[in-house]
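**Student:** Here it is, the structure, as structure tokens.
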Amino acid sequence: MSKIAVFPGSFDPITTGHFDLVERALPLFDKIVIAIGVNSQKQSLFPLEQRLGWLRLVFASYPQVEVTTFEGLTAHYCNKIGAKYLLRGLRNASDFDYEKTISQLNNIVGQGIETIFLISPPAYSHISSTIVREIIKGGGDASPFLPSGVHIDQEKL
Ligand code: ADP
């Protein structure tokens, strides 16, 4: 049976931290589904199509990686596609506190789904989409935090 992991997130935008996490997780799974959760309540800086486009571009040469979107509960989505694992990253203690509860809930709601956490290396533990958005909104250069191929056009914001 193939080992499928879902890596859910907003990816608003994808960062080198997300990219590093997926690369390191590849040997653990047969397939990683990077899934943008579509939540009408949550306001994003970048439109869904743009976030999807960047993910598709960055992982274009990774046959094990699929990029998609989902609506509703993450655990239900995992059940629907036969994924028994969730992939998440841990940068610090606040990530842990938040992720611990979510993973326990997903395990119950998803009837046995296990969340696999990878600790981010020091070189990436300060990077978050939130910080990248702040840099962009402030007119700064976010390129050191973006995977190659991802370019942000300040004019279009
Ligand atoms: P969410 O909106 O659910 O927080 P994000 O797109 O911000 O989604 O992040 C998705 C996942 O990526 C989370 O598990 C987060 O911990 C992980 N992640 C984000 N940045 C990093 C990083 N720099 N190193 C490791 N994991 C990261």
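Ordered as shown in the structure tokens, chains take letters A, B, and onward, while each chain numbers its residues from 1 and ligands are numbered from 1 in the order shown.
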Dump the neighbourhood of ligand 1 as a CSV table (one decimal) with N, CA and C atoms, in the first residue's frame: all residues within 8 Å, distances computed on only C-alpha atoms and all ligand atoms.
**Tutor:**
chain,number,residue,atom,x,y,z
A,7,PHE,N,0.5,17.5,2.9
A,7,PHE,CA,1.1,18.7,3.5
A,7,PHE,C,0.1,19.9,3.3
A,8,PRO,N,-0.7,20.1,4.3
A,8,PRO,CA,-1.7,21.2,4.2
A,8,PRO,C,-1.1,22.6,4.6
A,9,GLY,N,-1.6,23.6,4.0
A,9,GLY,CA,-1.2,24.9,4.5
A,9,GLY,C,-1.8,26.0,3.6
A,10,SER,N,-1.4,27.2,3.9
A,10,SER,CA,-1.9,28.4,3.1
A,10,SER,C,-1.0,28.7,2.0
A,11,PHE,N,0.3,28.5,2.2
A,11,PHE,CA,1.4,28.8,1.3
A,11,PHE,C,1.2,30.2,0.7
A,12,ASP,N,1.1,31.2,1.6
A,12,ASP,CA,0.8,32.6,1.2
A,12,ASP,C,1.9,33.5,1.5
A,13,PRO,N,3.1,33.4,0.8
A,13,PRO,CA,3.4,32.5,-0.3
A,13,PRO,C,4.3,31.3,0.2
A,14,ILE,N,4.6,30.4,-0.7
A,14,ILE,CA,5.5,29.3,-0.4
A,14,ILE,C,6.9,30.0,0.0
A,15,THR,N,7.6,29.4,0.9
A,15,THR,CA,8.9,29.9,1.3
A,15,THR,C,9.9,28.8,1.2
A,16,THR,N,11.2,29.2,1.4
A,16,THR,CA,12.3,28.2,1.4
A,16,THR,C,12.1,27.2,2.5
A,17,GLY,N,11.4,27.6,3.6
A,17,GLY,CA,11.2,26.7,4.7
A,17,GLY,C,10.2,25.6,4.3
A,18,HIS,N,9.1,25.9,3.6
A,18,HIS,CA,8.2,24.9,3.1
A,18,HIS,C,9.0,23.9,2.1
A,20,ASP,N,12.2,23.2,1.9
A,20,ASP,CA,13.1,22.4,2.6
A,20,ASP,C,12.4,21.2,3.3
A,21,LEU,N,11.2,21.5,3.9
A,21,LEU,CA,10.4,20.5,4.6
A,21,LEU,C,10.0,19.4,3.6
A,87,LEU,N,1.9,15.9,7.0
A,87,LEU,CA,3.2,16.4,7.1
A,87,LEU,C,3.2,17.9,7.6
A,88,ARG,N,3.9,18.1,8.7
A,88,ARG,CA,4.0,19.5,9.2
A,88,ARG,C,5.4,19.8,9.7
A,89,GLY,N,5.7,21.1,9.8
A,89,GLY,CA,7.1,21.5,10.2
A,89,GLY,C,7.0,22.1,11.6
A,90,LEU,N,8.1,21.9,12.4
A,90,LEU,CA,8.1,22.6,13.7
A,90,LEU,C,9.3,23.5,13.7
A,91,ARG,N,9.1,24.8,14.0
A,91,ARG,CA,10.2,25.7,14.0
A,91,ARG,C,10.5,26.1,15.4
A,95,ASP,N,5.0,26.7,17.6
A,95,ASP,CA,4.5,25.8,16.6
A,95,ASP,C,4.1,24.5,17.3
A,99,GLU,N,0.5,22.9,17.0
A,99,GLU,CA,0.4,21.7,16.2
A,99,GLU,C,0.0,20.4,17.0
A,117,PHE,N,6.1,15.1,12.0
A,117,PHE,CA,6.7,16.5,12.2
A,117,PHE,C,8.2,16.4,11.9
A,118,LEU,N,8.6,17.3,11.1
A,118,LEU,CA,10.1,17.5,10.9
A,118,LEU,C,10.5,18.8,11.5
A,119,ILE,N,11.5,18.8,12.3
A,119,ILE,CA,12.1,20.0,13.0
A,119,ILE,C,12.8,20.8,11.9
A,120,SER,N,12.6,22.0,11.8
A,120,SER,CA,13.3,22.8,10.8
A,120,SER,C,14.7,23.1,11.2
A,121,PRO,N,15.6,23.1,10.3
A,121,PRO,CA,17.0,23.3,10.6
A,121,PRO,C,17.2,24.8,11.0
A,124,TYR,N,16.4,27.7,8.6
A,124,TYR,CA,15.0,28.0,8.1
A,124,TYR,C,14.1,28.3,9.3
A,125,SER,N,14.5,28.2,10.5
A,125,SER,CA,13.5,28.3,11.6
A,125,SER,C,13.0,29.7,11.8
A,126,HIS,N,13.6,30.7,11.2
A,126,HIS,CA,13.1,32.0,11.4
A,126,HIS,C,12.2,32.4,10.2
A,127,ILE,N,12.0,31.5,9.3
A,127,ILE,CA,11.2,31.9,8.1
A,127,ILE,C,9.8,31.5,8.2
A,128,SER,N,8.9,32.4,7.9
A,128,SER,CA,7.5,32.1,7.9
A,128,SER,C,6.8,32.9,6.8
A,129,SER,N,5.7,32.4,6.3
A,129,SER,CA,5.0,33.2,5.3
A,129,SER,C,4.5,34.5,5.9
A,130,THR,N,4.2,34.6,7.2
A,130,THR,CA,3.8,35.8,7.8
A,130,THR,C,4.9,36.9,7.7
**Student:** List every residue of chain A that DSSP, applied to the backbone of this structure, places in strand (DSSP E), and write the result as a tab-separated table (two decimals) with N, CA and C atoms, in the first residue's frame.
**Tutor:**
chain	number	residue	atom	x	y	z
A	4	ILE	N	0.96	7.77	1.51
A	4	ILE	CA	0.65	9.12	1.02
A	4	ILE	C	0.58	10.09	2.20
A	5	ALA	N	1.27	11.22	2.07
A	5	ALA	CA	1.18	12.26	3.09
A	5	ALA	C	0.59	13.52	2.47
A	6	VAL	N	-0.26	14.17	3.25
A	6	VAL	CA	-0.79	15.47	2.82
A	6	VAL	C	-0.04	16.55	3.59
A	7	PHE	N	0.47	17.53	2.88
A	7	PHE	CA	1.10	18.69	3.51
A	7	PHE	C	0.14	19.87	3.31
A	8	PRO	N	-0.69	20.14	4.33
A	8	PRO	CA	-1.68	21.20	4.18
A	8	PRO	C	-1.12	22.55	4.62
A	9	GLY	N	-1.62	23.60	4.03
A	9	GLY	CA	-1.19	24.94	4.45
A	9	GLY	C	-1.81	26.00	3.58
A	31	LYS	N	4.25	9.37	-1.87
A	31	LYS	CA	3.68	10.55	-2.52
A	31	LYS	C	3.41	11.63	-1.47
A	32	ILE	N	3.70	12.87	-1.81
A	32	ILE	CA	3.34	13.99	-0.93
A	32	ILE	C	2.37	14.88	-1.71
A	33	VAL	N	1.20	15.08	-1.11
A	33	VAL	CA	0.20	15.94	-1.73
A	33	VAL	C	0.23	17.29	-1.00
A	34	ILE	N	0.70	18.30	-1.69
A	34	ILE	CA	0.71	19.65	-1.09
A	34	ILE	C	-0.65	20.25	-1.38
A	35	ALA	N	-1.40	20.52	-0.32
A	35	ALA	CA	-2.80	20.91	-0.51
A	35	ALA	C	-3.09	22.25	0.16
A	36	ILE	N	-3.50	23.20	-0.66
A	36	ILE	CA	-3.88	24.51	-0.11
A	36	ILE	C	-5.32	24.41	0.39
A	37	GLY	N	-5.49	24.71	1.67
A	37	GLY	CA	-6.83	24.70	2.24
A	37	GLY	C	-7.56	25.96	1.81
A	38	VAL	N	-8.70	25.77	1.17
A	38	VAL	CA	-9.48	26.92	0.71
A	38	VAL	C	-10.49	27.28	1.79
A	65	VAL	N	5.52	14.52	-6.01
A	65	VAL	CA	4.77	15.61	-5.39
A	65	VAL	C	3.59	16.03	-6.25
A	66	GLU	N	2.43	16.13	-5.60
A	66	GLU	CA	1.22	16.61	-6.30
A	66	GLU	C	0.77	17.89	-5.60
A	67	VAL	N	0.26	18.82	-6.37
A	67	VAL	CA	-0.18	20.10	-5.79
A	67	VAL	C	-1.66	20.27	-6.07
A	68	THR	N	-2.42	20.59	-5.04
A	68	THR	CA	-3.87	20.71	-5.24
A	68	THR	C	-4.50	21.62	-4.17
A	69	THR	N	-5.81	21.69	-4.18
A	69	THR	CA	-6.53	22.46	-3.15
A	69	THR	C	-7.58	21.55	-2.52
A	70	PHE	N	-8.06	21.95	-1.35
A	70	PHE	CA	-9.16	21.18	-0.76
A	70	PHE	C	-10.04	22.13	0.05
A	71	GLU	N	-11.28	21.71	0.24
A	71	GLU	CA	-12.20	22.48	1.08
A	71	GLU	C	-12.62	21.62	2.24
A	85	TYR	N	-1.17	9.96	6.42
A	85	TYR	CA	-0.23	10.84	7.12
A	85	TYR	C	-0.41	12.30	6.75
A	86	LEU	N	-0.15	13.13	7.74
A	86	LEU	CA	-0.07	14.58	7.51
A	86	LEU	C	1.37	14.97	7.74
A	87	LEU	N	1.86	15.93	6.98
A	87	LEU	CA	3.22	16.42	7.14
A	87	LEU	C	3.15	17.85	7.64
A	88	ARG	N	3.89	18.15	8.72
A	88	ARG	CA	3.97	19.52	9.22
A	88	ARG	C	5.39	19.80	9.69
A	89	GLY	N	5.73	21.07	9.76
A	89	GLY	CA	7.06	21.47	10.21
A	89	GLY	C	6.99	22.07	11.60
A	90	LEU	N	8.05	21.93	12.37
A	90	LEU	CA	8.12	22.55	13.69
A	90	LEU	C	9.33	23.47	13.74
A	114	GLU	N	-1.91	9.94	11.26
A	114	GLU	CA	-0.74	10.32	12.05
A	114	GLU	C	-0.10	11.56	11.42
A	115	THR	N	0.26	12.52	12.25
A	115	THR	CA	0.98	13.69	11.74
A	115	THR	C	2.47	13.46	11.97
A	116	ILE	N	3.24	13.59	10.90
A	116	ILE	CA	4.68	13.43	10.97
A	116	ILE	C	5.29	14.84	10.97
A	117	PHE	N	6.06	15.13	12.03
A	117	PHE	CA	6.67	16.46	12.16
A	117	PHE	C	8.16	16.40	11.87
A	118	LEU	N	8.63	17.34	11.10
A	118	LEU	CA	10.07	17.47	10.91
A	118	LEU	C	10.48	18.81	11.53
A	119	ILE	N	11.54	18.75	12.32
A	119	ILE	CA	12.06	19.97	12.96
A	119	ILE	C	12.84	20.76	11.90
**Student:** Could you jot down the CA of Phe46 (chain A) to CA of Ala142 (chain A) separation for me, Å, one decimal place?
**Tutor:**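 Separating CA of Phe46 (chain A) from CA of Ala142 (chain A) is a distance of 14.2 Å.
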**Student:** Taking the DSSP assignment computed from this structure's backbone, write out as a ChimeraX atom specification all residues of region 36-110 of chain A that belong to alpha helix (DSSP H).
**Tutor:** /A:48-58,74-81,93-109
**Student:** Write out as number ranges by chain which residues come within 7 Å of Ala75 (chain A) when counting only C-alpha atoms, dropping same-chain ones fewer than 3 positions away.
**Tutor:** A: 78-79, 106, 109-110
**Student:** Using N, CA and C atoms, can you export the residues from the last selection as a short mmCIF file (atom, residue, chain, number, x, y, z; two decimals), in the first residue's frame?
**Tutor:**
data_model
loop_
_atom_site.label_atom_id
_atom_site.label_comp_id
_atom_site.auth_asym_id
_atom_site.auth_seq_id
_atom_site.Cartn_x
_atom_site.Cartn_y
_atom_site.Cartn_z
N CYS A 78 -7.91 13.92 3.84
CA CYS A 78 -6.95 12.79 3.90
C CYS A 78 -7.67 11.47 3.70
N ASN A 79 -8.78 11.30 4.41
CA ASN A 79 -9.57 10.07 4.28
C ASN A 79 -10.05 9.88 2.85
N ASN A 106 -6.87 15.79 14.56
CA ASN A 106 -6.88 15.14 13.25
C ASN A 106 -6.84 13.62 13.39
N VAL A 109 -10.58 12.80 14.37
CA VAL A 109 -11.52 13.08 13.27
C VAL A 109 -11.19 12.22 12.05
N GLY A 110 -9.91 12.03 11.80
CA GLY A 110 -9.48 11.28 10.61
C GLY A 110 -9.30 9.79 10.87
#
**Student:** What is the CA of Ser143 (chain A) to CA of Asn92 (chain A) distance in Å?
**Tutor:**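 Spanning CA of Ser143 (chain A) to CA of Asn92 (chain A) is a straight-line distance of 23.1 Å.
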